[in-house]
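K.L.:
Below is the structure I would like to discuss, written out as structure tokens.
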Amino acid sequence: QNPVINNVTVYASGIYTATATLMGCTSATPATIPVIVNNTPAILPVSSNTPICAGDTIKLNALFASGVSYNWSGPNGFNSTLQNPVIPNAGTSAAGIYQVTAVLSVCTSASTSLRVAVNPRPVVDAGPDRIIFLDQQITLNPFISMSNLQYLWTPNKYLSSHTVQNPTATGKENILYKLRVTSAAGCKSEDSVFLKILKPFIIPNTFTPNNDGIHDFWVIANLNEYPDARVQIFTRTGQLVYQSIGYYKPWDGNYKGKSVPFDTYYYIIEPGFGLAGITGYVTIIK
């Protein structure tokens with residue numbers, strides 16, 4: 001009464017007829033039953049971009065088939081009906097098994113699985129900006145969260161090596177060093193550190209403020225690179241006749257708009273940056 005045909009193919013589609021027989025008598029008109037066997041989509045080849053680092057976009061790909069729709073599922077409740085869905089800014093929690101099935105008419109393929117790895121990025125902190133003296137040597141000490149890394153410092157200037165974690169830097173000029181680290185999985189992170197180079201200042205012990213255009217000002221070379229510097233000049237009796245706080249302004253030999261007399265004056269220079277003060281004398285010659 002209810003025959004079964006196992007493991008059918010599309011070739012089993014067609015018109016099936018049935019007649020009934022009762023005590024040797026057969027029904028006059030057989031019943032006809034049209035049967036359509038739909039194709040089941042083939043298991044889909046799937047792939048993903050690689051390597052994937054935390055923060056990258058995961059790009060899933062399924063083989064294109066005409067008339068097929070897709071059902072993707074994966075970690076963190078991921079679902080998509082796109083053929084090639086993307087997951088932007090993927091974190092490490094997006095790693096795992098992704099599955100897809102293909103649907104053609106009413107038939108669904110077996111699911112295809114794809115394991116996706118999302119590799120962590122190394123954390124890198126090149127350290128605080130530094131202030132050093134001209135020709136002073138320091139060791140750069142970045143914080144790195146992982147091991148087995150490749151290091152690249154740029155620019156490759158005044159460094160003992162640009163491919164090690166802790167190179168020695170020699171202060172030659174103000175410079176911004178950028179550090180890029182690369183993990184074994186190819187994931188990169190970078191940070192930078194700025195080195196400000198303090199050049200020694202040169203303090204003349206005489207000047208001639210006579211408006212002849214030559215040595216009319218007491219100019220301390222390189223002191224403008226010390227933005228917190230304070231300069232004070234006193235007479236022999238301790239009277240303050242000049243003061244400059246912040247970026248240095250050369251003294252013109254005047255006090256309250258009038259020229260001070262020929263004499264020797266005494267200065268205190270506080271450079272800032274935690275450096276010790278400097279004392280000395282300067283003589284005005286006219």
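Chain identifiers are assigned as A, B, and so on, following the order in which chains appear in the structure tokens; residues are numbered from 1 within each chain, and ligands are numbered from 1 in order of appearance.
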Among the residues of region 38-261 of chain A, find those DSSP assigns to strand (DSSP E or B) from the backbone and print them as a PyMOL selection string.
P.N.:
chain A and resi 46-48+53+58-62+69-74+78-80+86-87+96-104+107-108+112-116+119+124-125+130-133+137-139+143-144+150-154+159+168-170+175-182+188-198+202+206-207+218+221+230-234+240-245+251+254-255+258-259
K.L.:
Excluding same-chain residues fewer than 4 positions from Val124 (chain A), what lies within 9 Å of it counting only C-alpha atoms, as a ChimeraX atom specification?
P.N.:
/A:142-146,179-181,189-191
K.L.:
Restricting the output to all heavy atoms, write the selected residues as an mmCIF file, in the first residue's frame.
P.N.:
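Writing done, so here's out.cif:
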```cif
data_model
loop_
_atom_site.group_PDB
_atom_site.id
_atom_site.type_symbol
_atom_site.label_atom_id
_atom_site.label_comp_id
_atom_site.auth_asym_id
_atom_site.auth_seq_id
_atom_site.Cartn_x
_atom_site.Cartn_y
_atom_site.Cartn_z
ATOM 1 N N PRO A 142 61.279 49.478 25.887
ATOM 2 C CA PRO A 142 59.840 49.351 25.627
ATOM 3 C C PRO A 142 59.223 48.213 26.436
ATOM 4 O O PRO A 142 59.909 47.248 26.788
ATOM 5 C CB PRO A 142 59.781 49.042 24.130
ATOM 6 C CG PRO A 142 61.060 48.315 23.858
ATOM 7 C CD PRO A 142 62.086 48.993 24.750
ATOM 8 N N PHE A 143 57.922 48.340 26.731
ATOM 9 C CA PHE A 143 57.169 47.231 27.325
ATOM 10 C C PHE A 143 56.564 46.413 26.193
ATOM 11 O O PHE A 143 55.897 46.950 25.304
ATOM 12 C CB PHE A 143 56.060 47.746 28.240
ATOM 13 C CG PHE A 143 55.083 46.670 28.627
ATOM 14 C CD1 PHE A 143 55.395 45.765 29.634
ATOM 15 C CD2 PHE A 143 53.866 46.544 27.962
ATOM 16 C CE1 PHE A 143 54.505 44.751 29.976
ATOM 17 C CE2 PHE A 143 52.968 45.543 28.305
ATOM 18 C CZ PHE A 143 53.287 44.643 29.313
ATOM 19 N N ILE A 144 56.799 45.101 26.234
ATOM 20 C CA ILE A 144 56.273 44.189 25.214
ATOM 21 C C ILE A 144 55.519 43.069 25.924
ATOM 22 O O ILE A 144 56.013 42.504 26.898
ATOM 23 C CB ILE A 144 57.398 43.585 24.348
ATOM 24 C CG1 ILE A 144 58.337 44.686 23.827
ATOM 25 C CG2 ILE A 144 56.813 42.781 23.204
ATOM 26 C CD1 ILE A 144 57.713 45.624 22.835
ATOM 27 N N SER A 145 54.324 42.728 25.410
ATOM 28 C CA SER A 145 53.481 41.749 26.104
ATOM 29 C C SER A 145 53.762 40.310 25.694
ATOM 30 O O SER A 145 53.262 39.385 26.335
ATOM 31 C CB SER A 145 52.009 42.049 25.822
ATOM 32 O OG SER A 145 51.707 41.838 24.442
ATOM 33 N N MET A 146 54.523 40.084 24.634
ATOM 34 C CA MET A 146 54.724 38.732 24.119
ATOM 35 C C MET A 146 56.209 38.486 23.905
ATOM 36 O O MET A 146 57.020 39.407 23.932
ATOM 37 C CB MET A 146 53.956 38.535 22.792
ATOM 38 C CG MET A 146 52.449 38.705 22.905
ATOM 39 S SD MET A 146 51.617 38.743 21.290
ATOM 40 C CE MET A 146 52.046 37.132 20.632
ATOM 41 N N LEU A 179 58.742 52.042 16.946
ATOM 42 C CA LEU A 179 59.035 50.619 17.132
ATOM 43 C C LEU A 179 57.868 49.800 16.604
ATOM 44 O O LEU A 179 56.724 49.985 17.032
ATOM 45 C CB LEU A 179 59.261 50.299 18.613
ATOM 46 C CG LEU A 179 59.365 48.804 18.967
ATOM 47 C CD1 LEU A 179 60.538 48.142 18.242
ATOM 48 C CD2 LEU A 179 59.484 48.624 20.470
ATOM 49 N N ARG A 180 58.172 48.888 15.674
ATOM 50 C CA ARG A 180 57.163 47.940 15.185
ATOM 51 C C ARG A 180 57.586 46.537 15.602
ATOM 52 O O ARG A 180 58.733 46.139 15.371
ATOM 53 C CB ARG A 180 57.037 47.997 13.670
ATOM 54 C CG ARG A 180 56.117 46.912 13.092
ATOM 55 C CD ARG A 180 55.975 47.024 11.586
ATOM 56 N NE ARG A 180 55.233 48.219 11.226
ATOM 57 C CZ ARG A 180 54.975 48.567 9.969
ATOM 58 N NH1 ARG A 180 55.407 47.818 8.964
ATOM 59 N NH2 ARG A 180 54.286 49.663 9.717
ATOM 60 N N VAL A 181 56.667 45.806 16.225
ATOM 61 C CA VAL A 181 56.932 44.424 16.629
ATOM 62 C C VAL A 181 55.997 43.510 15.851
ATOM 63 O O VAL A 181 54.841 43.852 15.593
ATOM 64 C CB VAL A 181 56.766 44.226 18.148
ATOM 65 C CG1 VAL A 181 57.780 45.051 18.908
ATOM 66 C CG2 VAL A 181 55.360 44.597 18.602
ATOM 67 N N SER A 189 52.187 45.360 15.816
ATOM 68 C CA SER A 189 51.780 46.505 16.625
ATOM 69 C C SER A 189 52.948 47.482 16.653
ATOM 70 O O SER A 189 54.101 47.081 16.437
ATOM 71 C CB SER A 189 51.414 46.083 18.054
ATOM 72 O OG SER A 189 50.271 45.260 18.075
ATOM 73 N N GLU A 190 52.646 48.758 16.896
ATOM 74 C CA GLU A 190 53.735 49.733 16.928
ATOM 75 C C GLU A 190 53.429 50.862 17.904
ATOM 76 O O GLU A 190 52.277 51.113 18.262
ATOM 77 C CB GLU A 190 54.014 50.290 15.531
ATOM 78 C CG GLU A 190 52.865 51.012 14.873
ATOM 79 C CD GLU A 190 53.204 51.469 13.459
ATOM 80 O OE1 GLU A 190 53.901 50.725 12.731
ATOM 81 O OE2 GLU A 190 52.767 52.591 13.099
ATOM 82 N N ASP A 191 54.488 51.511 18.329
ATOM 83 C CA ASP A 191 54.404 52.671 19.209
ATOM 84 C C ASP A 191 55.662 53.494 18.979
ATOM 85 O O ASP A 191 56.604 53.043 18.297
ATOM 86 C CB ASP A 191 54.275 52.246 20.675
ATOM 87 C CG ASP A 191 53.848 53.397 21.582
ATOM 88 O OD1 ASP A 191 53.135 54.290 21.097
ATOM 89 O OD2 ASP A 191 54.230 53.401 22.765
#
```
K.L.:
Between A:Val260, A:Leu195, A:Ile203, A:Ile245, which is the closest to Gln232 (chain A) once you count only C-alpha atoms?
P.N.:
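When distances to Gln232 (chain A) are compared using only C-alpha atoms, the smallest one comes from A:Ile245.
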K.L.:
Near Gln239 (chain A), within 12 Å and counting only C-alpha atoms, which residues show up once chain neighbours fewer than 2 positions away are dropped, as a PyMOL selection string?
P.N.:
chain A and resi 232-237+241-243+255+260+265-267
K.L.:
Grab the residues selected above and save them as an mmCIF file, in the first residue's frame with N, CA and C atoms.
P.N.:
```cif
data_model
loop_
_atom_site.group_PDB
_atom_site.id
_atom_site.type_symbol
_atom_site.label_atom_id
_atom_site.label_comp_id
_atom_site.auth_asym_id
_atom_site.auth_seq_id
_atom_site.Cartn_x
_atom_site.Cartn_y
_atom_site.Cartn_z
ATOM 1 N N GLN A 232 68.851 84.924 36.325
ATOM 2 C CA GLN A 232 68.853 86.120 37.169
ATOM 3 C C GLN A 232 70.262 86.708 37.202
ATOM 4 N N ILE A 233 70.334 88.039 37.171
ATOM 5 C CA ILE A 233 71.619 88.737 37.226
ATOM 6 C C ILE A 233 71.558 89.765 38.352
ATOM 7 N N PHE A 234 72.630 89.775 39.140
ATOM 8 C CA PHE A 234 72.676 90.635 40.318
ATOM 9 C C PHE A 234 73.918 91.531 40.264
ATOM 10 N N THR A 235 73.807 92.686 40.938
ATOM 11 C CA THR A 235 74.987 93.535 41.135
ATOM 12 C C THR A 235 75.848 92.936 42.239
ATOM 13 N N ARG A 236 76.986 93.571 42.476
ATOM 14 C CA ARG A 236 77.878 93.104 43.535
ATOM 15 C C ARG A 236 77.185 93.150 44.905
ATOM 16 N N THR A 237 76.242 94.081 45.044
ATOM 17 C CA THR A 237 75.554 94.226 46.338
ATOM 18 C C THR A 237 74.305 93.363 46.425
ATOM 19 N N VAL A 241 69.051 92.952 38.726
ATOM 20 C CA VAL A 241 68.936 93.909 37.618
ATOM 21 C C VAL A 241 68.361 93.280 36.353
ATOM 22 N N TYR A 242 68.233 91.959 36.344
ATOM 23 C CA TYR A 242 67.694 91.288 35.145
ATOM 24 C C TYR A 242 67.144 89.930 35.550
ATOM 25 N N GLN A 243 66.032 89.577 34.921
ATOM 26 C CA GLN A 243 65.465 88.242 35.141
ATOM 27 C C GLN A 243 64.701 87.804 33.897
ATOM 28 N N TYR A 255 68.701 98.256 32.930
ATOM 29 C CA TYR A 255 67.871 97.994 34.103
ATOM 30 C C TYR A 255 66.842 99.111 34.182
ATOM 31 N N VAL A 260 73.160 99.991 32.669
ATOM 32 C CA VAL A 260 73.861 99.798 33.933
ATOM 33 C C VAL A 260 75.327 100.166 33.720
ATOM 34 N N TYR A 265 78.968 91.565 36.981
ATOM 35 C CA TYR A 265 77.686 91.165 37.534
ATOM 36 C C TYR A 265 77.672 89.642 37.715
ATOM 37 N N TYR A 266 76.785 89.207 38.550
ATOM 38 C CA TYR A 266 76.785 87.787 38.908
ATOM 39 C C TYR A 266 75.422 87.169 38.542
ATOM 40 N N TYR A 267 75.491 85.982 37.952
ATOM 41 C CA TYR A 267 74.262 85.353 37.453
ATOM 42 C C TYR A 267 74.006 84.010 38.145
#
```
K.L.:
So what do you get for CA of Thr112 (chain A) versus CA of Leu60 (chain A), distance-wise?
P.N.:
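These atoms are spaced 12.3 Å apart.
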K.L.:
Point out the residue among A:Val164, A:Leu149, A:Ala20, A:Ile284 with the least atom-to-atom distance to Asn254 (chain A), counting only C-alpha atoms.
P.N.:
A:Ile284
K.L.:
Which is closest to Pro30 (chain A) among A:Thr17, A:Asn210, A:Ser259, A:Phe133, if we use only C-alpha atoms?
P.N.:
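Answer, going by the shortest atom-to-atom distance: A:Thr17.
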K.L.:
Among region 2-226 of chain A, which residues carry a DSSP assignment of helix (DSSP H, G or I), reported as a ChimeraX atom specification?
P.N.:
/A:10-12,75-77,92-94,223-225
K.L.:
With distances taken over only C-alpha atoms, which residue among A:Pro128, A:Gly246, A:Gly238, A:Gly253 lies nearest Phe217 (chain A)?
P.N.:
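So, comparing all the options, the nearest one is A:Gly253.
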K.L.:
Mind pulling up the distance from CA of Cys53 (chain A) to CA of Lys188 (chain A)?
P.N.:
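Computing the Euclidean distance for CA of Lys188 (chain A) and CA of Cys53 (chain A) yields 8.3 Å.
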K.L.:
Quick one: pull the distance between CA of Asn224 (chain A) and CA of Ser192 (chain A), Å, one decimal.
P.N.:
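If I compute the distance from CA of Asn224 (chain A) to CA of Ser192 (chain A), I get 25.4 Å.
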K.L.:
Find, counting only C-alpha atoms, the residue in A:Tyr98, A:Pro209, A:Asn119, A:Phe273 that gets nearest to Ser183 (chain A).
P.N.:
A:Asn119
K.L.:
Would you please work out which residue, of A:Thr283, A:Ser47, A:Lys249, A:Ala229, is nearest to Glu270 (chain A) when using only C-alpha atoms?
P.N.:
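Using only C-alpha atoms, Glu270 (chain A) sits closest to A:Ala229.
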